[in-house]
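Dumped run_23.cif below, it's mmCIF, N, CA and C atoms:
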```cif
data_structure
loop_
_atom_site.label_atom_id
_atom_site.label_comp_id
_atom_site.auth_asym_id
_atom_site.auth_seq_id
_atom_site.Cartn_x
_atom_site.Cartn_y
_atom_site.Cartn_z
N MET A 742 157.00 -17.75 -29.98
CA MET A 742 157.15 -18.99 -29.28
C MET A 742 156.46 -18.94 -27.93
N ALA A 743 155.81 -20.03 -27.59
CA ALA A 743 155.09 -20.09 -26.31
C ALA A 743 156.06 -20.44 -25.20
N PRO A 744 155.87 -19.88 -24.01
CA PRO A 744 156.76 -20.24 -22.89
C PRO A 744 156.55 -21.72 -22.53
N PRO A 745 157.61 -22.34 -22.01
CA PRO A 745 157.49 -23.76 -21.64
C PRO A 745 156.51 -23.94 -20.49
N VAL A 746 155.80 -25.03 -20.55
CA VAL A 746 154.82 -25.35 -19.51
C VAL A 746 155.55 -26.05 -18.37
N PRO A 747 155.39 -25.55 -17.15
CA PRO A 747 156.08 -26.23 -16.03
C PRO A 747 155.50 -27.61 -15.80
N GLY A 748 156.36 -28.51 -15.33
CA GLY A 748 155.95 -29.89 -15.05
C GLY A 748 155.12 -29.96 -13.79
N PRO A 749 154.66 -31.15 -13.47
CA PRO A 749 153.85 -31.31 -12.26
C PRO A 749 154.68 -31.04 -11.00
N LEU A 750 154.01 -30.58 -10.00
CA LEU A 750 154.67 -30.32 -8.72
C LEU A 750 155.03 -31.63 -8.04
N PRO A 751 156.18 -31.66 -7.33
CA PRO A 751 156.54 -32.90 -6.62
C PRO A 751 155.55 -33.16 -5.49
N ALA A 752 155.43 -34.43 -5.15
CA ALA A 752 154.53 -34.82 -4.06
C ALA A 752 155.07 -34.27 -2.74
N PRO A 753 154.20 -33.87 -1.83
CA PRO A 753 154.67 -33.36 -0.54
C PRO A 753 155.35 -34.46 0.27
N ALA A 754 156.29 -34.05 1.08
CA ALA A 754 157.00 -35.01 1.93
C ALA A 754 156.05 -35.55 2.99
N VAL A 755 156.16 -36.82 3.23
CA VAL A 755 155.35 -37.44 4.27
C VAL A 755 156.26 -38.07 5.31
N ALA A 756 155.76 -38.21 6.49
CA ALA A 756 156.54 -38.83 7.56
C ALA A 756 156.74 -40.31 7.25
N PRO A 757 157.92 -40.84 7.55
CA PRO A 757 158.14 -42.26 7.29
C PRO A 757 157.30 -43.11 8.22
N PRO A 758 156.93 -44.31 7.76
CA PRO A 758 156.17 -45.18 8.65
C PRO A 758 156.98 -45.54 9.87
N ILE A 759 156.32 -45.93 10.92
CA ILE A 759 156.98 -46.20 12.20
C ILE A 759 158.05 -47.28 12.08
N ASP A 760 157.83 -48.29 11.23
CA ASP A 760 158.83 -49.34 11.08
C ASP A 760 160.11 -48.83 10.45
N ALA A 761 159.99 -47.83 9.56
CA ALA A 761 161.18 -47.28 8.92
C ALA A 761 162.06 -46.54 9.94
N VAL A 762 161.46 -46.04 10.99
CA VAL A 762 162.23 -45.36 12.03
C VAL A 762 162.76 -46.37 13.04
N ALA A 763 161.97 -47.37 13.35
CA ALA A 763 162.36 -48.35 14.37
C ALA A 763 163.47 -49.26 13.88
N ALA A 764 163.50 -49.60 12.60
CA ALA A 764 164.51 -50.53 12.08
C ALA A 764 165.93 -50.01 12.25
N PRO A 765 166.23 -48.73 11.89
CA PRO A 765 167.60 -48.26 12.12
C PRO A 765 167.98 -48.26 13.59
N ARG A 766 167.07 -47.90 14.47
CA ARG A 766 167.38 -47.89 15.90
C ARG A 766 167.68 -49.30 16.37
N HIS A 767 166.93 -50.28 15.88
CA HIS A 767 167.18 -51.67 16.27
C HIS A 767 168.56 -52.12 15.77
N ALA A 768 168.91 -51.74 14.55
CA ALA A 768 170.22 -52.09 14.01
C ALA A 768 171.34 -51.45 14.83
N LEU A 769 171.13 -50.21 15.27
CA LEU A 769 172.14 -49.53 16.08
C LEU A 769 172.29 -50.20 17.44
N ASN A 770 171.16 -50.56 18.05
CA ASN A 770 171.21 -51.24 19.35
C ASN A 770 171.88 -52.61 19.23
N LEU A 771 171.55 -53.34 18.16
CA LEU A 771 172.17 -54.64 17.94
C LEU A 771 173.67 -54.50 17.72
N THR A 772 174.07 -53.48 16.97
CA THR A 772 175.49 -53.22 16.73
C THR A 772 176.21 -52.89 18.04
N ALA A 773 175.61 -52.03 18.84
CA ALA A 773 176.25 -51.65 20.11
C ALA A 773 176.40 -52.86 21.03
N ALA A 774 175.36 -53.69 21.12
CA ALA A 774 175.43 -54.87 21.98
C ALA A 774 176.47 -55.86 21.46
N THR A 775 176.49 -56.08 20.16
CA THR A 775 177.46 -57.02 19.58
C THR A 775 178.89 -56.51 19.78
N CYS A 776 179.11 -55.22 19.53
CA CYS A 776 180.46 -54.67 19.70
C CYS A 776 180.90 -54.69 21.16
N ALA A 777 179.97 -54.46 22.08
CA ALA A 777 180.32 -54.54 23.50
C ALA A 777 180.70 -55.97 23.87
N GLY A 778 179.95 -56.94 23.36
CA GLY A 778 180.29 -58.34 23.62
C GLY A 778 181.64 -58.71 23.02
N LEU A 779 181.90 -58.26 21.79
CA LEU A 779 183.19 -58.53 21.17
C LEU A 779 184.33 -57.83 21.91
N ALA A 780 184.05 -56.66 22.47
CA ALA A 780 185.08 -55.95 23.24
C ALA A 780 185.45 -56.73 24.49
N VAL A 781 184.46 -57.30 25.15
CA VAL A 781 184.74 -58.12 26.34
C VAL A 781 185.56 -59.35 25.95
N VAL A 782 185.18 -59.98 24.85
CA VAL A 782 185.93 -61.15 24.37
C VAL A 782 187.37 -60.75 24.04
N ALA A 783 187.55 -59.60 23.39
CA ALA A 783 188.90 -59.14 23.05
C ALA A 783 189.73 -58.90 24.30
N LEU A 784 189.12 -58.31 25.32
CA LEU A 784 189.85 -58.07 26.57
C LEU A 784 190.28 -59.38 27.24
N VAL A 785 189.35 -60.33 27.29
CA VAL A 785 189.64 -61.61 27.96
C VAL A 785 190.70 -62.39 27.20
N VAL A 786 190.56 -62.49 25.88
CA VAL A 786 191.52 -63.26 25.08
C VAL A 786 192.89 -62.61 25.12
N ALA A 787 192.94 -61.29 24.98
CA ALA A 787 194.24 -60.61 25.01
C ALA A 787 194.90 -60.74 26.38
N ALA A 788 194.12 -60.66 27.44
CA ALA A 788 194.69 -60.83 28.78
C ALA A 788 195.22 -62.25 28.95
N ALA A 789 194.48 -63.22 28.43
CA ALA A 789 194.93 -64.61 28.53
C ALA A 789 196.22 -64.84 27.73
N LEU A 790 196.41 -64.08 26.67
CA LEU A 790 197.62 -64.20 25.85
C LEU A 790 198.77 -63.32 26.37
N GLY A 791 198.51 -62.59 27.46
CA GLY A 791 199.55 -61.75 28.04
C GLY A 791 199.72 -60.41 27.34
N GLN A 792 198.71 -59.96 26.61
CA GLN A 792 198.76 -58.69 25.90
C GLN A 792 197.56 -57.81 26.27
N PRO A 793 197.45 -57.43 27.54
CA PRO A 793 196.24 -56.71 27.95
C PRO A 793 196.05 -55.36 27.25
N LEU A 794 197.13 -54.63 26.96
CA LEU A 794 196.99 -53.34 26.28
C LEU A 794 196.48 -53.51 24.85
N SER A 795 196.85 -54.59 24.20
CA SER A 795 196.34 -54.87 22.86
C SER A 795 194.84 -55.13 22.93
N GLY A 796 194.41 -55.83 23.95
CA GLY A 796 192.98 -56.07 24.14
C GLY A 796 192.23 -54.78 24.40
N VAL A 797 192.82 -53.90 25.19
CA VAL A 797 192.20 -52.60 25.46
C VAL A 797 192.08 -51.81 24.16
N ALA A 798 193.12 -51.84 23.33
CA ALA A 798 193.09 -51.09 22.07
C ALA A 798 191.99 -51.62 21.15
N LEU A 799 191.91 -52.93 21.01
CA LEU A 799 190.88 -53.51 20.15
C LEU A 799 189.49 -53.24 20.71
N ALA A 800 189.34 -53.39 22.02
CA ALA A 800 188.04 -53.12 22.65
C ALA A 800 187.65 -51.65 22.49
N LEU A 801 188.60 -50.76 22.62
CA LEU A 801 188.32 -49.33 22.44
C LEU A 801 187.83 -49.05 21.02
N GLY A 802 188.48 -49.64 20.04
CA GLY A 802 188.05 -49.47 18.66
C GLY A 802 186.66 -50.02 18.42
N LEU A 803 186.34 -51.16 19.01
CA LEU A 803 185.00 -51.73 18.88
C LEU A 803 183.94 -50.82 19.50
N ILE A 804 184.23 -50.28 20.66
CA ILE A 804 183.28 -49.41 21.34
C ILE A 804 183.09 -48.10 20.57
N LEU A 805 184.20 -47.51 20.11
CA LEU A 805 184.10 -46.26 19.33
C LEU A 805 183.36 -46.50 18.02
N GLY A 806 183.68 -47.57 17.35
CA GLY A 806 183.00 -47.88 16.09
C GLY A 806 181.54 -48.19 16.29
N GLY A 807 181.22 -48.86 17.38
CA GLY A 807 179.82 -49.17 17.68
C GLY A 807 179.00 -47.93 17.98
N GLY A 808 179.64 -46.90 18.48
CA GLY A 808 178.95 -45.64 18.76
C GLY A 808 178.84 -44.72 17.55
N ASN A 809 179.51 -45.08 16.46
CA ASN A 809 179.49 -44.24 15.26
C ASN A 809 178.08 -44.06 14.71
N GLY A 810 177.29 -45.11 14.69
CA GLY A 810 175.92 -45.00 14.19
C GLY A 810 175.06 -44.07 15.03
N PHE A 811 175.22 -44.18 16.34
CA PHE A 811 174.47 -43.28 17.23
C PHE A 811 174.89 -41.83 17.00
N LEU A 812 176.18 -41.62 16.78
CA LEU A 812 176.67 -40.27 16.51
C LEU A 812 176.10 -39.75 15.19
N ALA A 813 175.99 -40.63 14.20
CA ALA A 813 175.42 -40.23 12.90
C ALA A 813 173.97 -39.79 13.06
N VAL A 814 173.19 -40.56 13.79
CA VAL A 814 171.79 -40.20 14.02
C VAL A 814 171.69 -38.88 14.76
N ARG A 815 172.53 -38.70 15.75
CA ARG A 815 172.52 -37.47 16.56
C ARG A 815 172.86 -36.24 15.71
N LEU A 816 173.90 -36.39 14.87
CA LEU A 816 174.32 -35.26 14.04
C LEU A 816 173.32 -34.96 12.93
N LEU A 817 172.67 -35.98 12.40
CA LEU A 817 171.66 -35.74 11.37
C LEU A 817 170.45 -35.02 11.95
N GLY A 818 170.21 -35.19 13.23
CA GLY A 818 169.09 -34.53 13.89
C GLY A 818 169.24 -33.03 14.02
N ILE A 819 170.44 -32.51 13.83
CA ILE A 819 170.63 -31.06 13.97
C ILE A 819 170.36 -30.33 12.66
N GLY A 820 170.07 -31.07 11.58
CA GLY A 820 169.69 -30.43 10.33
C GLY A 820 170.82 -30.02 9.42
N VAL A 821 172.00 -30.59 9.60
CA VAL A 821 173.15 -30.29 8.75
C VAL A 821 173.22 -31.35 7.66
N ALA A 822 173.79 -31.02 6.53
CA ALA A 822 173.91 -31.94 5.41
C ALA A 822 174.67 -33.21 5.81
N PHE A 823 174.27 -34.33 5.21
CA PHE A 823 174.88 -35.62 5.55
C PHE A 823 176.38 -35.61 5.28
N ALA A 824 176.81 -34.99 4.19
CA ALA A 824 178.25 -34.95 3.87
C ALA A 824 179.03 -34.23 4.97
N ALA A 825 178.49 -33.15 5.47
CA ALA A 825 179.17 -32.41 6.53
C ALA A 825 179.25 -33.22 7.81
N THR A 826 178.16 -33.91 8.15
CA THR A 826 178.19 -34.72 9.38
C THR A 826 179.12 -35.92 9.21
N SER A 827 179.21 -36.46 8.00
CA SER A 827 180.11 -37.59 7.76
C SER A 827 181.56 -37.17 7.95
N ILE A 828 181.90 -35.99 7.43
CA ILE A 828 183.26 -35.48 7.58
C ILE A 828 183.56 -35.22 9.06
N LEU A 829 182.59 -34.68 9.76
CA LEU A 829 182.78 -34.42 11.19
C LEU A 829 182.98 -35.72 11.96
N ARG A 830 182.16 -36.74 11.68
CA ARG A 830 182.32 -38.03 12.36
C ARG A 830 183.66 -38.66 12.04
N LEU A 831 184.08 -38.60 10.77
CA LEU A 831 185.37 -39.14 10.37
C LEU A 831 186.51 -38.43 11.10
N LEU A 832 186.39 -37.13 11.22
CA LEU A 832 187.41 -36.34 11.93
C LEU A 832 187.45 -36.73 13.41
N ILE A 833 186.29 -36.85 14.03
CA ILE A 833 186.24 -37.20 15.45
C ILE A 833 186.84 -38.59 15.69
N LEU A 834 186.45 -39.57 14.89
CA LEU A 834 186.96 -40.93 15.07
C LEU A 834 188.45 -41.01 14.78
N THR A 835 188.93 -40.26 13.78
CA THR A 835 190.36 -40.25 13.48
C THR A 835 191.15 -39.64 14.63
N MET A 836 190.64 -38.55 15.17
CA MET A 836 191.33 -37.91 16.30
C MET A 836 191.37 -38.83 17.52
N LEU A 837 190.29 -39.56 17.76
CA LEU A 837 190.28 -40.50 18.88
C LEU A 837 191.27 -41.65 18.65
N ALA A 838 191.39 -42.11 17.40
CA ALA A 838 192.37 -43.16 17.10
C ALA A 838 193.80 -42.64 17.29
N VAL A 839 194.05 -41.41 16.87
CA VAL A 839 195.38 -40.82 17.06
C VAL A 839 195.67 -40.63 18.54
N LEU A 840 194.67 -40.17 19.28
CA LEU A 840 194.84 -40.00 20.72
C LEU A 840 195.14 -41.34 21.39
N SER A 841 194.49 -42.39 20.94
CA SER A 841 194.78 -43.72 21.50
C SER A 841 196.20 -44.14 21.19
N GLY A 842 196.73 -43.70 20.06
CA GLY A 842 198.13 -43.98 19.74
C GLY A 842 199.07 -43.33 20.73
N PHE A 843 198.73 -42.12 21.15
CA PHE A 843 199.55 -41.45 22.16
C PHE A 843 199.47 -42.17 23.50
N VAL A 844 198.27 -42.61 23.86
CA VAL A 844 198.06 -43.19 25.18
C VAL A 844 198.53 -44.65 25.25
N LEU A 845 198.13 -45.46 24.27
CA LEU A 845 198.42 -46.90 24.32
C LEU A 845 199.70 -47.30 23.60
N GLY A 846 200.26 -46.39 22.84
CA GLY A 846 201.46 -46.70 22.05
C GLY A 846 201.09 -46.85 20.59
N TRP A 847 201.97 -46.36 19.72
CA TRP A 847 201.67 -46.34 18.29
C TRP A 847 201.49 -47.73 17.70
N GLU A 848 202.18 -48.71 18.26
CA GLU A 848 202.04 -50.07 17.72
C GLU A 848 200.65 -50.65 17.97
N ARG A 849 199.90 -50.06 18.88
CA ARG A 849 198.54 -50.55 19.16
C ARG A 849 197.45 -49.70 18.52
N ALA A 850 197.81 -48.59 17.92
CA ALA A 850 196.82 -47.72 17.29
C ALA A 850 196.13 -48.43 16.12
N ILE A 851 196.84 -49.32 15.46
CA ILE A 851 196.23 -50.06 14.35
C ILE A 851 195.13 -50.99 14.87
N LEU A 852 195.26 -51.45 16.10
CA LEU A 852 194.21 -52.30 16.68
C LEU A 852 192.94 -51.49 16.96
N VAL A 853 193.11 -50.23 17.32
CA VAL A 853 191.95 -49.36 17.50
C VAL A 853 191.24 -49.19 16.15
N ALA A 854 192.01 -48.93 15.10
CA ALA A 854 191.43 -48.79 13.77
C ALA A 854 190.78 -50.10 13.31
N ALA A 855 191.40 -51.22 13.63
CA ALA A 855 190.82 -52.52 13.26
C ALA A 855 189.51 -52.75 13.99
N GLY A 856 189.44 -52.36 15.26
CA GLY A 856 188.20 -52.49 16.01
C GLY A 856 187.10 -51.63 15.42
N MET A 857 187.44 -50.43 14.98
CA MET A 857 186.46 -49.56 14.33
C MET A 857 185.98 -50.19 13.02
N ALA A 858 186.89 -50.79 12.28
CA ALA A 858 186.52 -51.42 11.02
C ALA A 858 185.58 -52.60 11.25
N VAL A 859 185.88 -53.41 12.26
CA VAL A 859 185.01 -54.55 12.58
C VAL A 859 183.63 -54.04 12.99
N ALA A 860 183.59 -52.97 13.76
CA ALA A 860 182.31 -52.40 14.18
C ALA A 860 181.49 -51.93 12.98
N GLN A 861 182.15 -51.38 11.96
CA GLN A 861 181.43 -50.96 10.77
C GLN A 861 180.87 -52.16 10.00
N LEU A 862 181.62 -53.26 9.99
CA LEU A 862 181.11 -54.48 9.37
C LEU A 862 179.90 -55.02 10.13
N VAL A 863 179.97 -54.95 11.44
CA VAL A 863 178.83 -55.39 12.26
C VAL A 863 177.61 -54.51 11.98
N LEU A 864 177.83 -53.19 11.90
CA LEU A 864 176.73 -52.27 11.60
C LEU A 864 176.14 -52.56 10.22
N SER A 865 176.98 -52.84 9.25
CA SER A 865 176.49 -53.17 7.91
C SER A 865 175.67 -54.45 7.93
N ALA A 866 176.16 -55.44 8.63
CA ALA A 866 175.43 -56.72 8.71
C ALA A 866 174.09 -56.54 9.44
N ALA A 867 174.09 -55.78 10.51
CA ALA A 867 172.84 -55.54 11.25
C ALA A 867 171.85 -54.77 10.41
N SER A 868 172.33 -53.80 9.65
CA SER A 868 171.44 -53.01 8.78
C SER A 868 170.89 -53.88 7.66
N LEU A 869 171.73 -54.72 7.07
CA LEU A 869 171.26 -55.62 6.03
C LEU A 869 170.22 -56.59 6.58
N ARG A 870 170.45 -57.06 7.77
CA ARG A 870 169.49 -57.96 8.40
C ARG A 870 168.13 -57.29 8.56
N GLU A 871 168.13 -56.01 8.98
CA GLU A 871 166.87 -55.29 9.16
C GLU A 871 166.17 -55.05 7.83
N VAL A 872 166.95 -54.74 6.79
CA VAL A 872 166.34 -54.52 5.48
C VAL A 872 165.72 -55.81 4.96
N LEU A 873 166.43 -56.91 5.09
CA LEU A 873 165.90 -58.18 4.60
C LEU A 873 164.72 -58.65 5.44
N ARG A 874 164.72 -58.31 6.70
CA ARG A 874 163.63 -58.73 7.58
C ARG A 874 162.34 -57.99 7.27
N THR A 875 162.43 -56.75 6.79
CA THR A 875 161.23 -55.97 6.51
C THR A 875 160.61 -56.31 5.16
N ARG A 876 161.29 -57.09 4.35
CA ARG A 876 160.75 -57.47 3.04
C ARG A 876 159.75 -58.57 3.16
#
```

Target encoding structure tokens, full file:
Amino acid sequence: MAPPVPGPLPAPAVAPPIDAVAAPRHALNLTAATCAGLAVVALVVAAALGQPLSGVALALGLILGGGNGFLAVRLLGIGVAFAATSILRLLILTMLAVLSGFVLGWERAILVAAGMAVAQLVLSAASLREVLRTR
């Protein structure tokens, strides 16, 4: 029997075009600006309703969630597997949410988590916008 013939070699990796690099950065900047604006709105509305600590909790979650994308880019730059960096980011954000529960009170920790969730929705929408814009 003849030995099996190896298949063709994979194509060499090439650098992504400049737009492929610029689009994620634009989505991250848009997310950060939107989350910062929403955080200010949350602070003002909560203060007007007489719940300033609730506004701080929601604003904190928005700011932390808005920074999640930047943290992802930073951690991917060190050359570690995406799964490992995702677990690390999840651990960091969870610890910050728990810490906010200690500082702001446990009844407001859910607002921090809600702010993080809203920030992820904003990041998803901004990323989708960039993908659709490049088509």

Exercise for the section: Have a look at atom N of Ala854 (chain A) and atom N of Leu805 (chain A) and let me know their distance in Å, one decimal. Expected result: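 If I compute the distance from atom N of Ala854 (chain A) to atom N of Leu805 (chain A), I get 9.4 Å.
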
Exercise for the section: Pick out the closest residue to Ala774 (chain A) from this set: A:Leu845, A:Gly807, A:Leu834, A:Leu852. Count all atoms listed in the file. Expected result: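 Ranking A:Leu845, A:Gly807, A:Leu834, A:Leu852 by distance to Ala774 (chain A), first place goes to A:Gly807.
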
Handout entry: Result set of the PyMOL selection byres ((chain A and resi 804) around 7) on the coordinates above, as a VMD selection string
Key = chain A and resid 776 to 777 780 799 to 803 805 to 809 856 to 857

Handout entry: Between atom C of Val782 (chain A) and atom C of Gly796 (chain A) - distance in Å to one decimal
Key =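 Here the two named atoms are 7.7 Å from each other.
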
Practice task
Please return as a PyMOL selection string: the residues of chain A that backbone DSSP assigns to alpha helix (DSSP H).
Solution key: chain A and resi 759-789+793-817+823-845+847-875

Exercise for the section: Quote the spacing between atom N of Gly842 (chain A) and atom N of Ala858 (chain A) in Å to one decimal place. Expected result: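 According to the coordinates, atom N of Gly842 (chain A) and atom N of Ala858 (chain A) are separated by 14.4 Å.
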
Problem - Selection: 8 Å around region 868-872 of chain A, only N, CA and C atoms, excl. self and same-chain fewer than 6 positions, as an MDAnalysis selection string - result: chainID A and resid 764:765 767:769 772 862

Residue subset to file, keeping N, CA and C atoms, as a compact mmCIF listing (two decimals), keeping the file's coordinate frame:
```
# COMPACT_ATOMS: atom_id res chain seq x y z
N ALA A 764 163.50 -49.60 12.60
CA ALA A 764 164.51 -50.53 12.08
C ALA A 764 165.93 -50.01 12.25
N PRO A 765 166.23 -48.73 11.89
CA PRO A 765 167.60 -48.26 12.12
C PRO A 765 167.98 -48.26 13.59
N HIS A 767 166.93 -50.28 15.88
CA HIS A 767 167.18 -51.67 16.27
C HIS A 767 168.56 -52.12 15.77
N ALA A 768 168.91 -51.74 14.55
CA ALA A 768 170.22 -52.09 14.01
C ALA A 768 171.34 -51.45 14.83
N LEU A 769 171.13 -50.21 15.27
CA LEU A 769 172.14 -49.53 16.08
C LEU A 769 172.29 -50.20 17.44
N THR A 772 174.07 -53.48 16.97
CA THR A 772 175.49 -53.22 16.73
C THR A 772 176.21 -52.89 18.04
N LEU A 862 181.62 -53.26 9.99
CA LEU A 862 181.11 -54.48 9.37
C LEU A 862 179.90 -55.02 10.13
```

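With only N, CA and C atoms as the atoms that count, the residue of A:Ala867, A:Ala825, A:Ile819, A:Val853 with the shortest distance to Leu837 (chain A) is A:Val853.
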
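Candidate residues A:Gly810, A:Ser841, A:Val781, A:Ser795 were compared for distance to Leu864 (chain A), and the nearest is A:Gly810, using only C-alpha atoms.
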
Practice task
Rank nothing, just name the residue among A:Ala824, A:Thr875, A:Arg830, A:Ser865 nearest to Leu812 (chain A), using all atoms listed in the file.
Solution key: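 Among the listed residues, the smallest separation from Leu812 (chain A) belongs to A:Arg830.
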
Exercise for the section: Considering only C-alpha atoms, state which residue in the set A:Gly778, A:Ile851, A:Gln792, A:Val797 is at the smallest distance from Val839 (chain A). Expected result: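 So, comparing all the options, the nearest one is A:Ile851.
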